[in-house]
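A.B. asks: Have a look at the structure that comes next, please.
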Amino acid sequence: MNAMKQKLRPMELIMNLLFFICGFIAIVFVLFISIYLIISGIPAIREIGLVDFLFGQEWASTAAEPKFGILPFILTSVYGTCGAIIIGVPVGFMTAVFLAKVASPRLAAVVRPAVDLLAGIPSVVYGLIGMMVLVPAVREAFDLPDGASLFCAIIVLAVMILPSIISVSETALKAVPPEYEEASLALGATHIETVFRVSVPAASSGIAAAVVLGIGRAIGEAMAIIMVAGNVANMPSLFSSVRFLTTAVASEMAYASGLQRQALYSIALVLFIFIMLINIVLNTVLKRKEEG
Amino acid sequence: MKKFFAILLTLAMALSLAACGGNETAEEPAGSETGTEEPAEETAALSGTVNTNGSTSMEDVMGSLKEAFEAEHGDVTIQYTGSGSGAGITGAQEGTCDIGLASRDLKEDETGVKQITVAKDGIAIIVNPANPVSDLTIEQIAALATGETANWSEVGGDDAQVVFMGREAGSGTRDGFESITGTEDACKYQNEYTSTGEVVAGVAANPNAIGYASLSAVEGDETVKVLTVGGVAPSEETVLDGSYAIQRNFNFIISDSKELSPAAQAFVDWATSADASDLIAGAGAVPVA
């Protein structure tokens, strides 16, 4: 017995080490990316000045007297994400309630794969359809000179965040103990009353996590909206051509040089900080869910 | 025991970090090595890889040149990466590619490299086929671009708002258009696309749109209407004899300090000779040789 233990030990150690190294790879990449972004993002902010950079209203990176104000991008990202949440969350939430509580198993078996499929569509396809169908339709419908606008980006983002909101909310609703609902029904509440007064409150932290996840997805999206938003560095308004934080980096990186390139790294850093904050919020929400 | 693991942990971390760092530095010379590595053979038997990197506008031209050159010299591989004129010039300066490609002339502060013009390209002004306007002067185009002329009726079109579409800051086509029309930093874009194809698609989709694109990209394209500028239609002849005003150079960018590999040198010589003229013309640009 004792001898066998002795034999096993080195193997145990090696395997432990192997798992440990694998587990560490993720941390190494996160660290590497964070450090790289901070190192390459700081110089431009220093040169431009933090206040001028974050609150400057004009972006003209290749002008004779270049201006590097990213307030239009920050506001566009915030507005765009809020808009997508305002449209996407109610629809996604209702779909989740439908799938988890209302739909017959057979109907749910049709809707659920469709939602999964929606999640699997590459973002460039969303962008392409948006560019070819949505943009001209918006131009016609609102009688605008051109359809590419914040409005189109919001619609595309709202559709893109639906799958994550639906699947996370649905999981949360399904995790509600059936006893809660049975008790409510036994007290004479109707099915819908039970869903909204009992199941939804019980699943609220899971639904909140779904919303935060949606925000994270919307603020980080670039490919789909670069094709529908018009990409001009205007201060955002619903029907004007706008540029997001993500698309600002993506659209100019190919040809950038010098301070312009450094400023793009700085934009990426700002975006990174935004997403970090959202992740912290998500973790707090989830932790509260575990405790509650 | 805990201490032991802590040490292991730091070791693992240091190792993986070192691995990352190693890759970073190893990548840079890899590109240039392949070009210079092949032995200096005196005769026609060329071999090796020629890395070219730069302007996306030059993709068609490079595609035809590459195909023909590789067919002639079986052992030579020409690599083309479309990353933009700026990146092409930087690549030539830093030695990450053998030949940089730029669809604009070198700026004063871009030193250590020289340019060799292989072709000229007209920048076509395009509108939607539904637009009745078919001829504009450079001044009119500039006014449309800057938003000074906001309605098509002012230049003989329908009563509709002008929608000006173009490329993102830093694009060679945008730089070419703005510097030729004298509208640097003054253009009022409704849409800034990241590729020529998107500009063409955008103009094709909007009846009030005007945009610019490489002549090679819109020649024979039925979805948009190519305007004449000051009465001159863009074509090979009018670009070459200079009568079509909106045009630019396609350049090879070559390092001053680093000697080209025999294969790369042969490619440059051949591309700028009359032998390649037909191929360049076939790709929609205008050969200079």
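Residue names in the structure tokens use chain letters A, B, ... in the order shown, residue numbers from 1 in each chain, and ligand numbers from 1 in the order shown.
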Mind dumping a table of every chain A residue within 8 Å of chain B, with the nearest atom pair and its distance in Å to one decimal, using only C-alpha atoms, sorted by chain and rising number, as a tab-separated table?
C.D. replies:
residue	atom	partner	partner_atom	distance
A:Ile21	CA	B:Ala12	CA	6.7
A:Phe24	CA	B:Met13	CA	7.8
A:Ile25	CA	B:Ser16	CA	7.9
A:Val28	CA	B:Leu17	CA	7.3
A:Ala60	CA	B:Asp185	CA	7.5
A:Ser61	CA	B:Ala169	CA	7.1
A:Thr62	CA	B:Ala169	CA	6.2
A:Ala63	CA	B:Asp185	CA	5.3
A:Ala64	CA	B:Asp185	CA	7.6
A:Met132	CA	B:Ala205	CA	7.9
A:Pro136	CA	B:Ala205	CA	6.9
A:Pro145	CA	B:Gln161	CA	6.0
A:Asp146	CA	B:Val163	CA	6.7
A:Ala148	CA	B:Asn191	CA	7.3
A:Met227	CA	B:Tyr193	CA	7.8
A:Gly230	CA	B:Asn191	CA	4.3
A:Asn231	CA	B:Glu192	CA	5.2
A:Val232	CA	B:Glu192	CA	5.9
A:Ser241	CA	B:Gln190	CA	6.1
A:Ser251	CA	B:Thr194	CA	5.9
A:Glu252	CA	B:Ala169	CA	6.3
A:Ala254	CA	B:Ser83	CA	5.7
A:Tyr255	CA	B:Gly170	CA	4.9
A:Ala256	CA	B:Gly170	CA	6.0
A:Ser257	CA	B:Gly86	CA	6.7
A.B. asks: DSSP on the backbone, alpha helix (DSSP H) only: what residues of stretch 82-282 of chain A does that give? Format it as a ChimeraX atom specification.
C.D. replies: /A:82-97,105-120,123-129,135-142,150-174,178-186,191-194,200-202,204-220,223-226,245-253,258-282
A.B. asks: Could the residues in this selection be written to a file with C-alpha atoms, as a short mmCIF file (atom, residue, chain, number, x, y, z; two decimals), in the first residue's frame?
C.D. replies:
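again_10.cif, written as the output of this step:
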data_model
loop_
_atom_site.label_atom_id
_atom_site.label_comp_id
_atom_site.auth_asym_id
_atom_site.auth_seq_id
_atom_site.Cartn_x
_atom_site.Cartn_y
_atom_site.Cartn_z
CA CYS A 82 -28.69 51.62 -24.34
CA GLY A 83 -30.86 51.61 -27.44
CA ALA A 84 -30.10 47.97 -28.12
CA ILE A 85 -30.93 47.10 -24.51
CA ILE A 86 -34.19 49.07 -24.58
CA ILE A 87 -35.34 47.15 -27.65
CA GLY A 88 -33.60 43.83 -27.08
CA VAL A 89 -34.27 43.18 -23.40
CA PRO A 90 -38.10 43.26 -23.40
CA VAL A 91 -38.24 41.09 -26.51
CA GLY A 92 -35.61 38.69 -25.24
CA PHE A 93 -37.14 38.50 -21.78
CA MET A 94 -40.62 37.80 -23.14
CA THR A 95 -39.20 35.13 -25.43
CA ALA A 96 -37.48 33.52 -22.45
CA VAL A 97 -40.72 33.55 -20.44
CA PRO A 105 -42.83 21.54 -25.43
CA ARG A 106 -43.39 20.97 -29.13
CA LEU A 107 -43.52 24.68 -29.96
CA ALA A 108 -40.52 25.36 -27.73
CA ALA A 109 -38.64 22.68 -29.63
CA VAL A 110 -39.09 24.77 -32.79
CA VAL A 111 -38.32 28.16 -31.27
CA ARG A 112 -35.28 27.14 -29.24
CA PRO A 113 -33.17 25.87 -32.18
CA ALA A 114 -34.09 29.05 -34.05
CA VAL A 115 -32.73 31.13 -31.18
CA ASP A 116 -29.58 29.02 -31.08
CA LEU A 117 -29.18 29.49 -34.80
CA LEU A 118 -29.54 33.25 -34.36
CA ALA A 119 -26.62 33.10 -31.94
CA GLY A 120 -24.54 31.22 -34.47
CA SER A 123 -21.69 39.16 -37.17
CA VAL A 124 -20.52 40.03 -40.66
CA VAL A 125 -23.70 38.43 -42.00
CA TYR A 126 -25.80 40.64 -39.72
CA GLY A 127 -23.88 43.59 -41.08
CA LEU A 128 -24.33 42.57 -44.68
CA ILE A 129 -28.08 42.06 -44.35
CA VAL A 135 -30.27 50.77 -44.46
CA PRO A 136 -32.27 51.38 -47.67
CA ALA A 137 -35.50 50.53 -45.81
CA VAL A 138 -34.74 53.08 -43.09
CA ARG A 139 -33.92 55.69 -45.74
CA GLU A 140 -37.27 55.11 -47.43
CA ALA A 141 -39.31 54.83 -44.25
CA PHE A 142 -38.03 58.02 -42.60
CA LEU A 150 -27.27 55.14 -35.21
CA PHE A 151 -30.83 53.86 -35.56
CA CYS A 152 -29.79 51.04 -37.91
CA ALA A 153 -26.91 50.10 -35.62
CA ILE A 154 -29.30 49.91 -32.65
CA ILE A 155 -31.66 47.61 -34.53
CA VAL A 156 -28.82 45.31 -35.61
CA LEU A 157 -27.35 45.24 -32.10
CA ALA A 158 -30.76 44.54 -30.56
CA VAL A 159 -31.16 41.47 -32.76
CA MET A 160 -27.61 40.35 -32.05
CA ILE A 161 -27.98 40.41 -28.26
CA LEU A 162 -31.31 38.56 -28.31
CA PRO A 163 -29.88 35.01 -28.19
CA SER A 164 -27.70 35.59 -25.14
CA ILE A 165 -30.50 37.37 -23.27
CA ILE A 166 -32.98 34.64 -24.16
CA SER A 167 -30.83 31.66 -23.24
CA VAL A 168 -29.50 33.08 -19.95
CA SER A 169 -32.95 34.30 -18.82
CA GLU A 170 -34.53 31.02 -19.80
CA THR A 171 -32.01 29.06 -17.77
CA ALA A 172 -32.67 31.31 -14.78
CA LEU A 173 -36.46 30.91 -15.09
CA LYS A 174 -36.16 27.15 -15.37
CA PRO A 178 -41.37 24.22 -8.95
CA GLU A 179 -42.65 24.35 -5.34
CA TYR A 180 -42.81 28.16 -5.53
CA GLU A 181 -45.06 28.05 -8.54
CA GLU A 182 -47.18 25.23 -7.21
CA ALA A 183 -47.76 27.18 -4.00
CA SER A 184 -48.78 30.25 -5.96
CA LEU A 185 -51.17 28.25 -8.14
CA ALA A 186 -52.62 26.55 -5.07
CA HIS A 191 -50.66 30.89 -14.61
CA ILE A 192 -49.55 34.29 -15.97
CA GLU A 193 -49.82 35.89 -12.53
CA THR A 194 -47.63 33.13 -11.16
CA VAL A 200 -39.66 36.23 -12.55
CA PRO A 201 -38.81 37.77 -9.16
CA ALA A 202 -37.24 34.48 -8.10
CA SER A 204 -34.39 38.22 -11.18
CA SER A 205 -30.66 38.04 -10.58
CA GLY A 206 -30.25 35.59 -13.46
CA ILE A 207 -32.22 37.92 -15.70
CA ALA A 208 -30.05 40.83 -14.57
CA ALA A 209 -27.00 38.80 -15.52
CA ALA A 210 -28.56 38.27 -18.95
CA VAL A 211 -28.97 42.02 -19.39
CA VAL A 212 -25.38 42.73 -18.39
CA LEU A 213 -24.20 40.04 -20.76
CA GLY A 214 -26.21 41.71 -23.52
CA ILE A 215 -24.60 45.06 -22.74
CA GLY A 216 -21.18 43.45 -22.94
CA ARG A 217 -21.94 41.90 -26.27
CA ALA A 218 -23.41 45.12 -27.71
CA ILE A 219 -20.58 47.40 -26.65
CA GLY A 220 -17.91 45.08 -28.03
CA MET A 223 -18.10 44.05 -37.61
CA ALA A 224 -21.87 44.23 -37.91
CA ILE A 225 -22.25 47.91 -37.07
CA ILE A 226 -19.31 49.12 -39.14
CA LEU A 245 -15.49 53.00 -30.12
CA THR A 246 -15.04 49.62 -31.79
CA THR A 247 -15.53 50.84 -35.34
CA ALA A 248 -13.21 53.81 -34.75
CA VAL A 249 -10.39 51.35 -34.12
CA ALA A 250 -11.40 48.96 -36.87
CA SER A 251 -11.97 51.49 -39.63
CA GLU A 252 -8.75 53.46 -39.32
CA MET A 253 -6.26 50.84 -38.17
CA GLY A 258 2.22 57.74 -35.95
CA LEU A 259 0.09 59.45 -33.34
CA GLN A 260 -3.08 58.39 -35.15
CA ARG A 261 -2.16 54.73 -34.62
CA GLN A 262 -1.27 55.34 -30.98
CA ALA A 263 -4.56 57.13 -30.45
CA LEU A 264 -6.37 54.08 -31.85
CA TYR A 265 -4.63 51.96 -29.20
CA SER A 266 -5.86 54.45 -26.63
CA ILE A 267 -9.42 54.06 -27.91
CA ALA A 268 -9.00 50.31 -27.57
CA LEU A 269 -7.83 50.87 -24.01
CA VAL A 270 -10.91 52.94 -23.20
CA LEU A 271 -13.11 50.23 -24.71
CA PHE A 272 -11.23 47.61 -22.72
CA ILE A 273 -11.85 49.52 -19.49
CA PHE A 274 -15.57 49.77 -20.35
CA ILE A 275 -15.77 46.02 -20.88
CA MET A 276 -13.80 45.32 -17.69
CA LEU A 277 -16.30 47.42 -15.73
CA ILE A 278 -19.19 45.53 -17.28
CA ASN A 279 -17.54 42.23 -16.39
CA ILE A 280 -17.08 43.36 -12.78
CA VAL A 281 -20.78 44.28 -12.65
CA LEU A 282 -21.66 40.89 -14.15
#
A.B. asks: To one decimal in Å, tell me the separation between atom CA of B:Glu94 and atom CA of B:Glu110.
C.D. replies: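 Going from atom CA of B:Glu94 over to atom CA of B:Glu110, I get 11.6 Å.
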A.B. asks: Show which residues sit within 8 Å of stretch 242-250 of chain B, as a list of chain:residue names. Count only C-alpha atoms, and ignore same-chain residues fewer than 2 positions away.
C.D. replies: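 The neighbour list is B:Met58, B:Leu101, B:Ala102, B:Ser103, B:Arg104, B:Asp105, B:Thr117, B:Val118, B:Ala119, B:Lys120, B:Asp121, B:Gly122, B:Ile123, B:Ala124, B:Gly176, B:Phe177, B:Ile180, B:Thr181, B:Val229, B:Val232, B:Ala233, B:Pro234, B:Ser235, B:Thr238, B:Val239, B:Leu240, B:Phe252.
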A.B. asks: Could you pull out the residues in stretch 16-106 of chain A that DSSP calls strand (DSSP E) from the backbone, as a PyMOL selection string?
C.D. replies: chain A and resi 59-60+67-68
A.B. asks: So, counting only C-alpha atoms, which residue among B:Gln79, B:Ser179, B:Ser214, B:Asn251 is closest to B:Ala271?
C.D. replies: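 Among the listed residues, B:Asn251 lies closest to B:Ala271.
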A.B. asks: Give me the residues near A:Leu54 as an NGL selection string, where near means some atom within 8 Å (using only C-alpha atoms) and where sequence neighbours in that chain fewer than 6 positions away do not count.
C.D. replies: :A and (69-71)
A.B. asks: Between atom CA of B:Gly91 and atom CA of B:Pro287, what is the spacing in Å?
C.D. replies: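 Between these atoms lies a distance of 24.4 Å.
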